[in-house]
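S.K.: Here you go, this is protein-v7.tsv (TSV, C-alpha atoms).
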chain	number	residue	atom	x	y	z
M	1	MET	CA	14.74	-78.30	-21.72
M	2	THR	CA	11.40	-76.55	-21.40
M	3	LEU	CA	9.59	-74.41	-23.91
M	4	VAL	CA	7.19	-71.82	-22.61
M	5	ALA	CA	4.29	-70.38	-24.59
M	6	ALA	CA	3.38	-67.32	-22.56
M	7	SER	CA	0.20	-65.55	-23.60
M	8	ALA	CA	0.53	-62.67	-26.02
M	9	GLY	CA	-3.09	-61.71	-25.75
M	10	ALA	CA	-2.55	-58.15	-24.58
M	11	ALA	CA	-1.58	-57.24	-28.17
M	12	THR	CA	0.35	-54.15	-27.04
M	13	ASP	CA	3.96	-53.42	-27.91
M	14	SER	CA	4.25	-49.93	-26.46
M	15	ASP	CA	8.02	-49.61	-27.01
M	16	GLY	CA	7.96	-51.06	-30.54
M	17	ASP	CA	10.70	-53.61	-29.85
M	18	GLY	CA	8.86	-56.56	-31.44
M	19	MET	CA	7.96	-58.17	-28.09
M	20	VAL	CA	4.52	-57.58	-26.59
M	21	ASP	CA	4.36	-55.84	-23.23
M	22	GLU	CA	2.60	-58.68	-21.41
M	23	TRP	CA	5.43	-61.08	-22.29
M	24	GLU	CA	8.13	-58.63	-21.20
M	25	VAL	CA	6.40	-57.90	-17.88
M	26	TYR	CA	5.85	-61.63	-17.27
M	27	TYR	CA	9.55	-62.46	-17.62
M	28	PHE	CA	11.41	-59.23	-16.81
M	29	GLY	CA	9.00	-57.33	-14.56
M	30	SER	CA	8.74	-54.35	-16.91
M	31	THR	CA	9.20	-53.32	-20.53
M	32	ASN	CA	12.51	-51.55	-19.85
M	33	ALA	CA	14.36	-53.84	-17.45
M	34	PRO	CA	18.19	-54.00	-17.67
M	35	GLY	CA	19.33	-56.68	-20.10
M	36	ALA	CA	15.82	-57.12	-21.49
M	37	GLY	CA	16.22	-55.35	-24.84
M	38	ALA	CA	15.27	-57.21	-27.98
M	39	SER	CA	18.86	-57.79	-29.11
M	40	GLN	CA	20.18	-58.57	-25.62
M	41	ASP	CA	20.48	-62.02	-24.05
M	42	TYR	CA	19.12	-61.87	-20.52
M	43	ASP	CA	19.92	-65.46	-19.51
M	44	LEU	CA	23.19	-65.64	-21.51
M	45	ASP	CA	22.21	-68.82	-23.33
M	46	GLY	CA	23.30	-67.55	-26.75
M	47	VAL	CA	19.78	-66.63	-27.92
M	48	SER	CA	18.56	-63.02	-27.98
M	49	ASN	CA	15.47	-62.06	-26.03
M	50	ILE	CA	13.50	-61.49	-29.21
M	51	GLY	CA	14.69	-64.87	-30.47
M	52	GLU	CA	13.29	-66.47	-27.31
M	53	TYR	CA	10.05	-64.54	-27.77
M	54	ARG	CA	9.62	-65.82	-31.31
M	55	ALA	CA	10.53	-69.39	-30.37
M	56	GLY	CA	8.26	-69.53	-27.32
M	57	THR	CA	11.17	-70.24	-24.97
M	58	SER	CA	11.95	-68.61	-21.63
M	59	PRO	CA	14.44	-65.72	-21.78
M	60	THR	CA	15.24	-66.13	-18.07
M	61	ASN	CA	16.08	-69.85	-18.09
M	62	ARG	CA	19.33	-70.97	-19.74
M	63	GLN	CA	17.95	-74.48	-20.16
M	64	SER	CA	15.03	-73.20	-22.22
M	65	ARG	CA	16.22	-72.60	-25.76
M	66	LEU	CA	15.43	-73.88	-29.23
M	67	ALA	CA	17.98	-76.58	-30.03
M	68	PHE	CA	18.19	-80.25	-30.89
M	69	ASN	CA	17.94	-82.47	-27.83
M	70	LEU	CA	18.52	-85.66	-29.79
M	71	VAL	CA	20.63	-86.33	-32.88
M	72	GLU	CA	21.33	-89.96	-33.76
M	73	TRP	CA	22.01	-92.21	-36.70
M	74	VAL	CA	19.12	-94.50	-37.58
M	75	VAL	CA	20.98	-96.29	-40.34
M	76	PRO	CA	24.24	-95.21	-42.02
M	77	SER	CA	22.36	-92.92	-44.41
M	78	LYS	CA	19.67	-91.49	-42.13
M	79	LEU	CA	19.95	-89.01	-39.30
M	80	ARG	CA	17.18	-88.54	-36.74
M	81	MET	CA	16.78	-85.17	-35.01
M	82	GLN	CA	14.44	-84.16	-32.22
M	83	TRP	CA	13.68	-80.81	-30.60
M	84	PRO	CA	11.07	-79.39	-28.17
M	85	VAL	CA	8.40	-77.23	-29.77
M	86	ALA	CA	5.88	-74.57	-28.81
M	87	THR	CA	2.26	-74.56	-29.94
M	88	GLY	CA	1.56	-72.67	-33.15
M	89	ARG	CA	5.16	-72.45	-34.34
M	90	VAL	CA	6.45	-73.65	-37.72
M	91	TYR	CA	10.04	-74.91	-38.03
M	92	ASN	CA	12.77	-75.22	-40.64
M	93	VAL	CA	15.64	-77.72	-40.44
M	94	GLU	CA	18.62	-76.38	-42.37
M	95	THR	CA	22.11	-77.59	-43.19
M	96	ILE	CA	25.55	-76.45	-44.36
M	97	PRO	CA	28.47	-78.67	-45.46
M	98	ALA	CA	31.08	-76.59	-43.62
M	99	PRO	CA	31.31	-73.44	-41.45
M	100	GLY	CA	30.96	-70.24	-43.41
M	101	ALA	CA	28.70	-71.69	-46.09
M	102	ALA	CA	25.13	-70.52	-46.60
M	103	PHE	CA	22.44	-72.62	-44.93
M	104	THR	CA	20.01	-74.41	-47.21
M	105	GLY	CA	16.64	-75.87	-46.31
M	106	LEU	CA	16.53	-79.57	-45.53
M	107	ALA	CA	12.96	-79.68	-44.26
M	108	MET	CA	10.78	-76.58	-44.47
M	109	ASN	CA	7.52	-75.51	-42.85
M	110	LEU	CA	7.27	-78.32	-40.31
M	111	PRO	CA	4.26	-77.65	-38.05
M	112	ALA	CA	4.71	-78.06	-34.31
M	113	THR	CA	3.60	-81.39	-32.84
M	114	PRO	CA	3.99	-80.65	-29.10
M	115	PRO	CA	5.82	-81.51	-26.99
M	116	GLN	CA	8.51	-82.66	-29.46
M	117	ASN	CA	9.12	-82.67	-33.19
M	118	LEU	CA	11.01	-85.59	-34.70
M	119	TYR	CA	12.52	-85.44	-38.17
M	120	THR	CA	14.55	-88.09	-40.00
M	121	ALA	CA	16.85	-86.80	-42.73
M	122	ALA	CA	18.07	-88.94	-45.61
M	123	VAL	CA	21.64	-87.63	-45.80
M	124	GLY	CA	23.17	-90.32	-48.02
M	125	THR	CA	26.94	-90.17	-47.95
M	126	ALA	CA	27.05	-86.59	-46.61
M	127	ARG	CA	27.98	-87.68	-43.09
M	128	HIS	CA	29.98	-84.56	-42.29
M	129	ALA	CA	27.69	-81.53	-42.19
M	130	PHE	CA	26.16	-79.04	-39.79
M	131	TYR	CA	22.46	-78.82	-38.99
M	132	ARG	CA	20.23	-76.30	-37.23
M	133	VAL	CA	16.57	-75.86	-36.41
M	134	ARG	CA	14.89	-72.46	-36.35
M	135	VAL	CA	11.41	-71.04	-36.05
M	136	ARG	CA	10.09	-70.22	-39.47
M	137	PRO	CA	9.42	-66.47	-39.63
M	138	MET	CA	5.90	-65.24	-40.23
M	139	PHE	CA	4.78	-66.03	-43.76
M	140	VAL	CA	4.50	-62.86	-45.85
M	141	GLY	CA	2.42	-63.29	-48.96
M	142	ALA	CA	-0.36	-61.98	-51.13
M	143	ALA	CA	-3.44	-62.80	-53.15
M	144	ASN	CA	-3.31	-61.87	-56.80
M	145	THR	CA	-6.00	-60.95	-59.28
M	146	VAL	CA	-5.38	-60.55	-63.00
M	147	PRO	CA	-5.67	-56.85	-63.90
M	148	GLY	CA	-8.39	-56.23	-66.45
M	149	GLY	CA	-7.09	-55.79	-69.98
M	150	SER	CA	-3.62	-57.08	-69.09
M	151	GLY	CA	-3.89	-60.19	-71.26
M	152	LEU	CA	-2.23	-62.23	-68.48
M	153	ASN	CA	-3.40	-65.53	-67.11
M	154	TYR	CA	-3.59	-66.25	-63.39
M	155	LYS	CA	-0.12	-67.77	-63.05
M	156	GLN	CA	1.52	-65.06	-65.16
M	157	SER	CA	-0.06	-62.43	-62.96
M	158	TRP	CA	1.29	-64.15	-59.84
M	159	ASP	CA	4.76	-64.60	-61.29
M	160	LEU	CA	5.01	-60.88	-62.02
M	161	LEU	CA	3.95	-60.02	-58.48
M	162	ASP	CA	6.28	-62.60	-56.94
M	163	THR	CA	9.18	-61.33	-59.04
M	164	ALA	CA	8.49	-57.71	-58.08
M	165	VAL	CA	8.20	-58.16	-54.30
M	166	GLY	CA	9.16	-61.76	-53.53
M	167	PRO	CA	9.81	-64.55	-53.45
M	168	LEU	CA	6.81	-64.60	-51.14
M	169	GLY	CA	6.37	-67.16	-48.40
M	170	CYS	CA	2.66	-67.85	-48.88
M	171	ARG	CA	-0.18	-67.21	-51.28
M	172	ARG	CA	-3.87	-66.57	-50.73
M	173	SER	CA	-6.13	-68.20	-53.30
M	174	TYR	CA	-9.79	-69.09	-53.76
M	175	SER	CA	-12.14	-71.56	-55.40
M	176	SER	CA	-15.81	-70.69	-55.81
M	177	GLY	CA	-17.05	-74.28	-55.72
M	178	LEU	CA	-16.38	-77.79	-54.46
M	179	VAL	CA	-12.90	-79.17	-55.13
M	180	THR	CA	-11.61	-82.66	-54.41
M	181	ASN	CA	-8.07	-82.49	-55.81
M	182	PHE	CA	-5.72	-79.79	-54.55
M	183	LEU	CA	-3.40	-80.10	-57.54
M	184	SER	CA	-6.27	-79.21	-59.87
M	185	THR	CA	-6.95	-75.90	-58.09
M	186	VAL	CA	-5.43	-72.44	-58.44
M	187	ALA	CA	-3.36	-73.27	-55.34
M	188	ALA	CA	-1.46	-76.01	-57.16
M	189	ILE	CA	1.33	-73.61	-58.17
M	190	ASP	CA	2.23	-73.22	-54.48
M	191	ALA	CA	3.25	-76.84	-53.95
M	192	GLY	CA	6.93	-77.11	-53.17
M	193	LYS	CA	7.39	-73.33	-53.29
M	194	ARG	CA	5.37	-71.60	-50.59
M	195	ALA	CA	2.62	-72.17	-48.02
M	196	SER	CA	-1.00	-71.92	-49.16
M	197	VAL	CA	-3.91	-70.05	-47.61
M	198	PHE	CA	-6.65	-71.61	-49.71
M	199	SER	CA	-10.43	-71.52	-49.41
M	200	PHE	CA	-13.36	-73.02	-51.24
M	201	LYS	CA	-17.14	-72.68	-50.94
M	202	THR	CA	-19.97	-75.19	-51.01
M	203	ASP	CA	-23.57	-75.38	-49.85
M	204	TRP	CA	-23.84	-74.94	-46.08
M	205	ALA	CA	-26.64	-77.43	-45.51
M	206	MET	CA	-24.90	-80.17	-47.49
M	207	MET	CA	-21.67	-79.62	-45.57
M	208	ALA	CA	-23.49	-79.70	-42.22
M	209	LEU	CA	-25.19	-82.98	-43.15
M	210	GLY	CA	-21.86	-84.59	-44.01
M	211	GLN	CA	-22.64	-84.85	-47.71
M	212	HIS	CA	-19.27	-83.28	-48.58
M	213	SER	CA	-17.19	-85.10	-45.96
M	214	ASN	CA	-15.74	-87.63	-48.40
M	215	ASP	CA	-14.95	-84.81	-50.82
M	216	VAL	CA	-13.11	-82.91	-48.09
M	217	TRP	CA	-11.21	-86.06	-47.09
M	218	ASN	CA	-10.13	-86.54	-50.73
M	219	LEU	CA	-9.08	-82.89	-50.99
M	220	VAL	CA	-6.92	-83.13	-47.89
M	221	GLN	CA	-5.36	-86.39	-49.02
M	222	SER	CA	-4.44	-84.79	-52.36
M	223	ILE	CA	-2.35	-82.07	-50.69
M	224	PRO	CA	1.33	-83.11	-50.89
M	225	ALA	CA	2.58	-84.36	-47.53
M	226	GLY	CA	5.35	-81.78	-47.32
M	227	HIS	CA	3.14	-78.83	-48.24
M	228	LEU	CA	1.79	-76.55	-45.50
M	229	ALA	CA	-1.79	-75.55	-46.30
M	230	TYR	CA	-4.14	-73.34	-44.28
M	231	LEU	CA	-7.38	-74.80	-45.60
M	232	CYS	CA	-10.59	-72.82	-45.20
M	233	TRP	CA	-14.16	-73.71	-46.06
M	234	PHE	CA	-16.28	-70.65	-46.87
M	235	HIS	CA	-14.22	-67.57	-46.02
M	236	GLU	CA	-16.09	-64.45	-44.86
M	237	PRO	CA	-19.38	-66.24	-44.24
M	238	GLU	CA	-20.93	-63.33	-42.34
M	239	ASN	CA	-22.56	-61.81	-45.45
M	240	ASP	CA	-23.90	-65.09	-46.83
M	241	GLY	CA	-26.18	-66.57	-44.20
M	242	SER	CA	-26.85	-67.01	-40.51
M	243	ALA	CA	-24.29	-67.94	-37.90
M	244	ALA	CA	-26.64	-70.67	-36.70
M	245	ALA	CA	-26.37	-72.35	-40.11
M	246	PHE	CA	-22.66	-71.73	-40.58
M	247	VAL	CA	-21.28	-73.07	-37.31
M	248	PRO	CA	-22.47	-76.70	-37.57
M	249	ALA	CA	-21.36	-76.80	-41.21
M	250	PHE	CA	-17.87	-75.58	-40.32
M	251	GLN	CA	-17.68	-78.09	-37.48
M	252	GLN	CA	-18.47	-80.90	-39.92
M	253	PHE	CA	-15.82	-79.57	-42.31
M	254	SER	CA	-13.32	-79.67	-39.46
M	255	ARG	CA	-14.21	-83.27	-38.61
M	256	ALA	CA	-13.68	-84.29	-42.22
M	257	VAL	CA	-10.26	-82.63	-42.36
M	258	ARG	CA	-9.20	-84.18	-39.05
M	259	ALA	CA	-10.30	-87.63	-40.26
M	260	ALA	CA	-7.66	-87.39	-42.99
M	261	ASN	CA	-4.97	-87.11	-40.29
M	262	ARG	CA	-2.65	-84.73	-42.10
M	263	PRO	CA	-0.77	-82.41	-39.69
M	264	ASN	CA	0.44	-80.23	-42.57
M	265	VAL	CA	-3.16	-79.20	-43.31
M	266	LYS	CA	-4.60	-76.64	-40.90
M	267	VAL	CA	-8.35	-76.21	-40.41
M	268	THR	CA	-8.65	-72.47	-40.93
M	269	LEU	CA	-11.55	-70.15	-40.11
M	270	ILE	CA	-11.55	-66.82	-41.98
M	271	LEU	CA	-13.74	-63.98	-40.71
M	272	MET	CA	-13.96	-60.21	-41.28
M	273	THR	CA	-12.62	-57.78	-38.69
M	274	TRP	CA	-15.81	-55.80	-39.40
M	275	THR	CA	-17.63	-58.44	-37.35
M	276	TRP	CA	-15.93	-57.02	-34.21
M	277	ASN	CA	-17.14	-53.51	-34.98
M	278	PRO	CA	-20.31	-52.68	-33.02
M	279	ALA	CA	-21.65	-50.96	-36.15
M	280	SER	CA	-21.83	-54.37	-37.85
M	281	GLY	CA	-24.58	-55.47	-35.47
M	282	ARG	CA	-22.86	-58.85	-35.14
M	283	ASN	CA	-21.67	-60.86	-32.18
M	284	PRO	CA	-18.37	-62.61	-33.00
M	285	ALA	CA	-19.25	-65.38	-30.55
M	286	ASP	CA	-22.14	-66.38	-32.81
M	287	TRP	CA	-19.67	-67.24	-35.58
M	288	TRP	CA	-17.24	-69.15	-33.37
M	289	PRO	CA	-17.29	-72.96	-33.88
M	290	GLY	CA	-15.06	-73.65	-30.84
M	291	ALA	CA	-11.31	-74.01	-30.43
M	292	GLU	CA	-11.52	-77.78	-30.78
M	293	TYR	CA	-12.63	-77.29	-34.41
M	294	VAL	CA	-10.04	-74.68	-35.41
M	295	ASP	CA	-6.29	-74.95	-36.00
M	296	ALA	CA	-5.82	-71.43	-37.32
M	297	VAL	CA	-7.80	-68.24	-37.88
M	298	GLY	CA	-7.36	-65.79	-40.74
M	299	LEU	CA	-8.74	-62.27	-40.44
M	300	ASP	CA	-9.68	-59.93	-43.28
M	301	GLY	CA	-9.45	-56.18	-42.82
M	302	TYR	CA	-8.53	-53.03	-44.72
M	303	ASN	CA	-7.41	-49.48	-44.09
M	304	PRO	CA	-10.64	-47.63	-44.99
M	305	TYR	CA	-8.89	-44.52	-46.28
M	306	ASP	CA	-9.71	-43.83	-49.92
M	307	PRO	CA	-8.44	-40.79	-51.81
M	308	ALA	CA	-11.64	-40.81	-53.86
M	309	VAL	CA	-13.88	-40.56	-50.80
M	310	ALA	CA	-14.20	-37.32	-48.86
M	311	ASN	CA	-13.44	-37.46	-45.12
M	312	SER	CA	-12.44	-41.13	-45.23
M	313	LYS	CA	-10.41	-42.27	-42.23
M	314	TRP	CA	-6.81	-43.52	-42.19
M	315	LYS	CA	-6.36	-46.42	-39.75
M	316	THR	CA	-3.27	-48.27	-38.63
M	317	PHE	CA	-2.94	-52.00	-39.13
M	318	SER	CA	-3.04	-52.61	-35.38
M	319	THR	CA	-6.24	-50.59	-34.98
M	320	ILE	CA	-7.89	-52.72	-37.64
M	321	PHE	CA	-6.82	-56.11	-36.30
M	322	GLU	CA	-5.99	-55.93	-32.60
M	323	THR	CA	-9.50	-56.42	-31.20
M	324	ALA	CA	-10.13	-59.54	-33.29
M	325	VAL	CA	-6.64	-60.94	-32.64
M	326	ASP	CA	-7.07	-60.50	-28.88
M	327	TRP	CA	-10.51	-62.11	-29.03
M	328	MET	CA	-9.16	-65.15	-30.85
M	329	ARG	CA	-6.15	-65.51	-28.58
M	330	GLY	CA	-8.48	-65.39	-25.61
M	331	ARG	CA	-10.27	-68.45	-26.97
M	332	GLY	CA	-7.16	-70.58	-27.28
M	333	VAL	CA	-6.61	-70.38	-31.03
M	334	LYS	CA	-3.28	-71.99	-31.87
M	335	GLU	CA	-2.44	-69.80	-34.86
M	336	VAL	CA	-3.74	-66.40	-35.94
M	337	GLY	CA	-2.98	-64.78	-39.28
M	338	VAL	CA	-4.22	-62.10	-41.65
M	339	ALA	CA	-5.79	-63.63	-44.74
M	340	GLU	CA	-6.45	-60.32	-46.48
M	341	PHE	CA	-5.33	-56.75	-45.89
M	342	GLY	CA	-4.88	-53.68	-48.02
M	343	CYS	CA	-4.01	-50.00	-48.01
M	344	LYS	CA	-4.25	-47.24	-50.63
M	345	GLU	CA	-1.85	-44.39	-51.25
M	346	ARG	CA	-2.49	-41.32	-49.12
M	347	THR	CA	-2.99	-38.08	-51.01
M	348	GLY	CA	-0.07	-35.71	-50.51
M	349	ASP	CA	2.19	-38.17	-48.67
M	350	VAL	CA	4.41	-40.37	-50.87
M	351	ASN	CA	5.69	-42.28	-47.83
M	352	ALA	CA	2.39	-42.97	-46.07
M	353	LYS	CA	1.58	-46.35	-47.61
M	354	ALA	CA	5.16	-47.61	-47.35
M	355	ASN	CA	5.31	-46.61	-43.68
M	356	TRP	CA	1.90	-48.20	-43.08
M	357	LEU	CA	3.17	-51.50	-44.51
M	358	LEU	CA	6.31	-51.34	-42.39
M	359	ASP	CA	4.31	-50.67	-39.22
M	360	ALA	CA	1.96	-53.51	-40.16
M	361	ALA	CA	4.80	-56.00	-40.43
M	362	GLY	CA	6.30	-54.89	-37.11
M	363	TRP	CA	2.99	-55.22	-35.28
M	364	ALA	CA	2.23	-58.59	-36.88
M	365	ASP	CA	5.68	-59.88	-35.88
M	366	ALA	CA	5.17	-58.71	-32.31
M	367	GLN	CA	1.85	-60.60	-32.17
M	368	ARG	CA	3.57	-63.71	-33.58
M	369	LEU	CA	1.04	-63.94	-36.38
M	370	SER	CA	1.50	-66.99	-38.59
M	371	PHE	CA	0.87	-65.30	-41.93
M	372	VAL	CA	-0.13	-62.02	-43.56
M	373	CYS	CA	-1.44	-61.85	-47.13
M	374	TYR	CA	-1.82	-58.57	-49.00
M	375	PHE	CA	-4.90	-58.45	-51.26
M	376	ASP	CA	-3.37	-57.31	-54.55
M	377	SER	CA	-6.61	-56.61	-56.37
M	378	ASP	CA	-9.45	-54.19	-57.00
M	379	VAL	CA	-12.10	-56.86	-56.41
M	380	GLY	CA	-14.86	-55.65	-54.12
M	381	ASP	CA	-13.76	-52.04	-54.34
M	382	SER	CA	-16.07	-49.53	-55.99
M	383	ALA	CA	-13.61	-46.64	-56.10
M	384	GLY	CA	-11.00	-46.26	-58.79
M	385	ALA	CA	-7.83	-46.65	-56.74
M	386	GLY	CA	-8.16	-50.37	-55.97
M	387	TRP	CA	-6.18	-52.34	-53.44
M	388	TRP	CA	-3.18	-52.87	-55.72
M	389	LEU	CA	0.11	-53.33	-53.88
M	390	ARG	CA	2.56	-51.80	-56.35
M	391	THR	CA	1.04	-48.33	-56.44
M	392	SER	CA	4.36	-46.56	-55.87
M	393	THR	CA	8.09	-47.24	-55.88
M	394	ASN	CA	8.15	-46.74	-52.11
M	395	ALA	CA	5.37	-49.23	-51.42
M	396	THR	CA	6.86	-51.84	-53.76
M	397	GLN	CA	10.35	-51.54	-52.28
M	398	THR	CA	9.08	-51.65	-48.71
M	399	PHE	CA	7.01	-54.77	-49.27
M	400	ARG	CA	9.96	-56.40	-51.02
M	401	GLU	CA	12.14	-55.68	-47.98
M	402	ILE	CA	9.49	-57.01	-45.60
M	403	ALA	CA	9.24	-60.23	-47.58
M	404	ALA	CA	13.02	-60.62	-47.72
M	405	SER	CA	13.31	-60.28	-43.94
M	406	HIS	CA	10.81	-63.11	-43.41
M	407	ARG	CA	12.36	-65.89	-45.46
Could you write out this structure as structure tokens?

M.R.:
Amino acid sequence: MTLVAASAGAATDSDGDGMVDEWEVYYFGSTNAPGAGASQDYDLDGVSNIGEYRAGTSPTNRQSRLAFNLVEWVVPSKLRMQWPVATGRVYNVETIPAPGAAFTGLAMNLPATPPQNLYTAAVGTARHAFYRVRVRPMFVGAANTVPGGSGLNYKQSWDLLDTAVGPLGCRRSYSSGLVTNFLSTVAAIDAGKRASVFSFKTDWAMMALGQHSNDVWNLVQSIPAGHLAYLCWFHEPENDGSAAAFVPAFQQFSRAVRAANRPNVKVTLILMTWTWNPASGRNPADWWPGAEYVDAVGLDGYNPYDPAVANSKWKTFSTIFETAVDWMRGRGVKEVGVAEFGCKERTGDVNAKANWLLDAAGWADAQRLSFVCYFDSDVGDSAGAGWWLRTSTNATQTFREIAASHR
């Protein structure tokens, strides 16, 4: 059984079927070949074409499909399962006691360890059950900020958001200073519930000199072994110093994380999409530490439309992110996600924001992004509207449906 990870760098899904054009042309010769629709099964192996696309398998080879290739008893109470994996994917192992029952998670958010993943389940006396492995859908999540005057604390604010549109699969959170114990941070409430996209900031020179390496090692070691964490040091560095100072510091951060040898912790670089705009005056290559130092990239970008600003422009999610996503994919990044995004209501169109969110999710799925986190906040916004998510019934309901379809 062979898994194929064809490039998705073209970032174009012209027919909106959830599979990028480059992938369709590579396997089927065109984007409208007979039997090549998203819900069809070109090679008749029981997996839809879009299922093969998401899993990184070949839709034209019946031997290439996501399935266990080894299931064996280790001892009477432990079952060992193995399956081939594709780079950048995250997997769930699920079980049911009998046909017709609802699957429950046995092992969640297992990062790919190519070429094979191996998982041993402690099944006790439950010897008769059914098991499956599937690619974990893109994580849909948010960052939350406590609204001024609400009287809520941080966790209460999150719980209200999660109840309204979740449960969400990941959460974006921040620490302004050095941390050495994950469970003492604002990200602690994620453990056992959802993936974390967590960043902290320290002095660049001290990080570059290795003076925080032991602290980083301790932080990584404190993250529970079963918890998937996209760990970033100094998100959005472009406004805080020079690229020449940032890159060696980030490289040292990466070395410290790797020394802890925890595959559930991803070294994550978070940059602004603005950096790819010629008007920024920046060269993205200056801020690039090298693929060998990066497990995942998070990108921050916003729809610039603001009802309080005359002649402001409305931009699609793909327009905001595609250039940066393509750039990263071209440099061999294993996982790409969106660490922050936001959109305001459009004056005179009650469906505009909801439709924008729906289009965003479809494009992100087609690009096989690992995570998307809405920035539910008014932080950094000078106008009155803010980046709040629940600005209308339509927007709230749409985001809830997006989250539900990605569990």

S.K.: Skip Phe198 (chain M) itself and residues of its chain fewer than 5 positions away, then list as a PDB file with C-alpha atoms, keeping the file's coordinate frame all residues within 7 Å of it, counting all atoms listed in the file.

M.R.:
ATOM      1  CA  ARG M 172      -3.870 -66.570 -50.730  1.00  0.00           C
ATOM      2  CA  SER M 173      -6.130 -68.200 -53.300  1.00  0.00           C
ATOM      3  CA  TYR M 174      -9.790 -69.090 -53.760  1.00  0.00           C
ATOM      4  CA  ALA M 187      -3.360 -73.270 -55.340  1.00  0.00           C
ATOM      5  CA  TYR M 230      -4.140 -73.340 -44.280  1.00  0.00           C
ATOM      6  CA  LEU M 231      -7.380 -74.800 -45.600  1.00  0.00           C
ATOM      7  CA  CYS M 232     -10.590 -72.820 -45.200  1.00  0.00           C
TER       8      CYS M 232
END

S.K.: Looking at M:Cys343, M:Ala225, M:Ala360, M:Leu118, which one is nearest to Thr391 (chain M), with distances taken over all atoms listed in the file?

M.R.: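 Looking at the shortest contact to Thr391 (chain M), the residue is M:Cys343.
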
S.K.: Calculated over all atoms listed in the file, which of the candidates M:Ala55, M:Leu183, M:Ala352, M:Val25 has the smallest distance to Ile223 (chain M)?

M.R.: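 Looking only at the distances to Ile223 (chain M), the closest residue turns out to be M:Leu183.
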
S.K.: In Å to one decimal, how far is CA of Lys344 (chain M) from CA of Ala310 (chain M)?

M.R.: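 Atom-to-atom, CA of Ala310 (chain M) to CA of Lys344 (chain M), that is 14.2 Å.
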
S.K.: Point out the residue among M:Asn355, M:Ala208, M:Ala404, M:Phe130 with the least atom-to-atom distance to Ala101 (chain M), counting all atoms listed in the file.

M.R.: M:Phe130

S.K.: State, in Å with one decimal place, the distance from CA of His128 (chain M) to CA of Gln63 (chain M).

M.R.: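 According to the coordinates, CA of His128 (chain M) and CA of Gln63 (chain M) are separated by 27.1 Å.
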
S.K.: Could you check the closest approach to Glu236 (chain M) for each of M:Ile50, M:Val297, M:Ala195, M:Val179 and tell me which residue wins, using all atoms listed in the file?

M.R.: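 Among the listed residues, M:Val297 lies closest to Glu236 (chain M).
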
S.K.: Residues within 9 Å of Tyr302 (chain M), please, as a list of chain:residue names. Count only C-alpha atoms; anything in the same chain fewer than 3 positions from it doesn't count.

M.R.: M:Thr273, M:Tyr305, M:Lys315, M:Phe317, M:Ile320, M:Glu340, M:Phe341, M:Gly342, M:Cys343
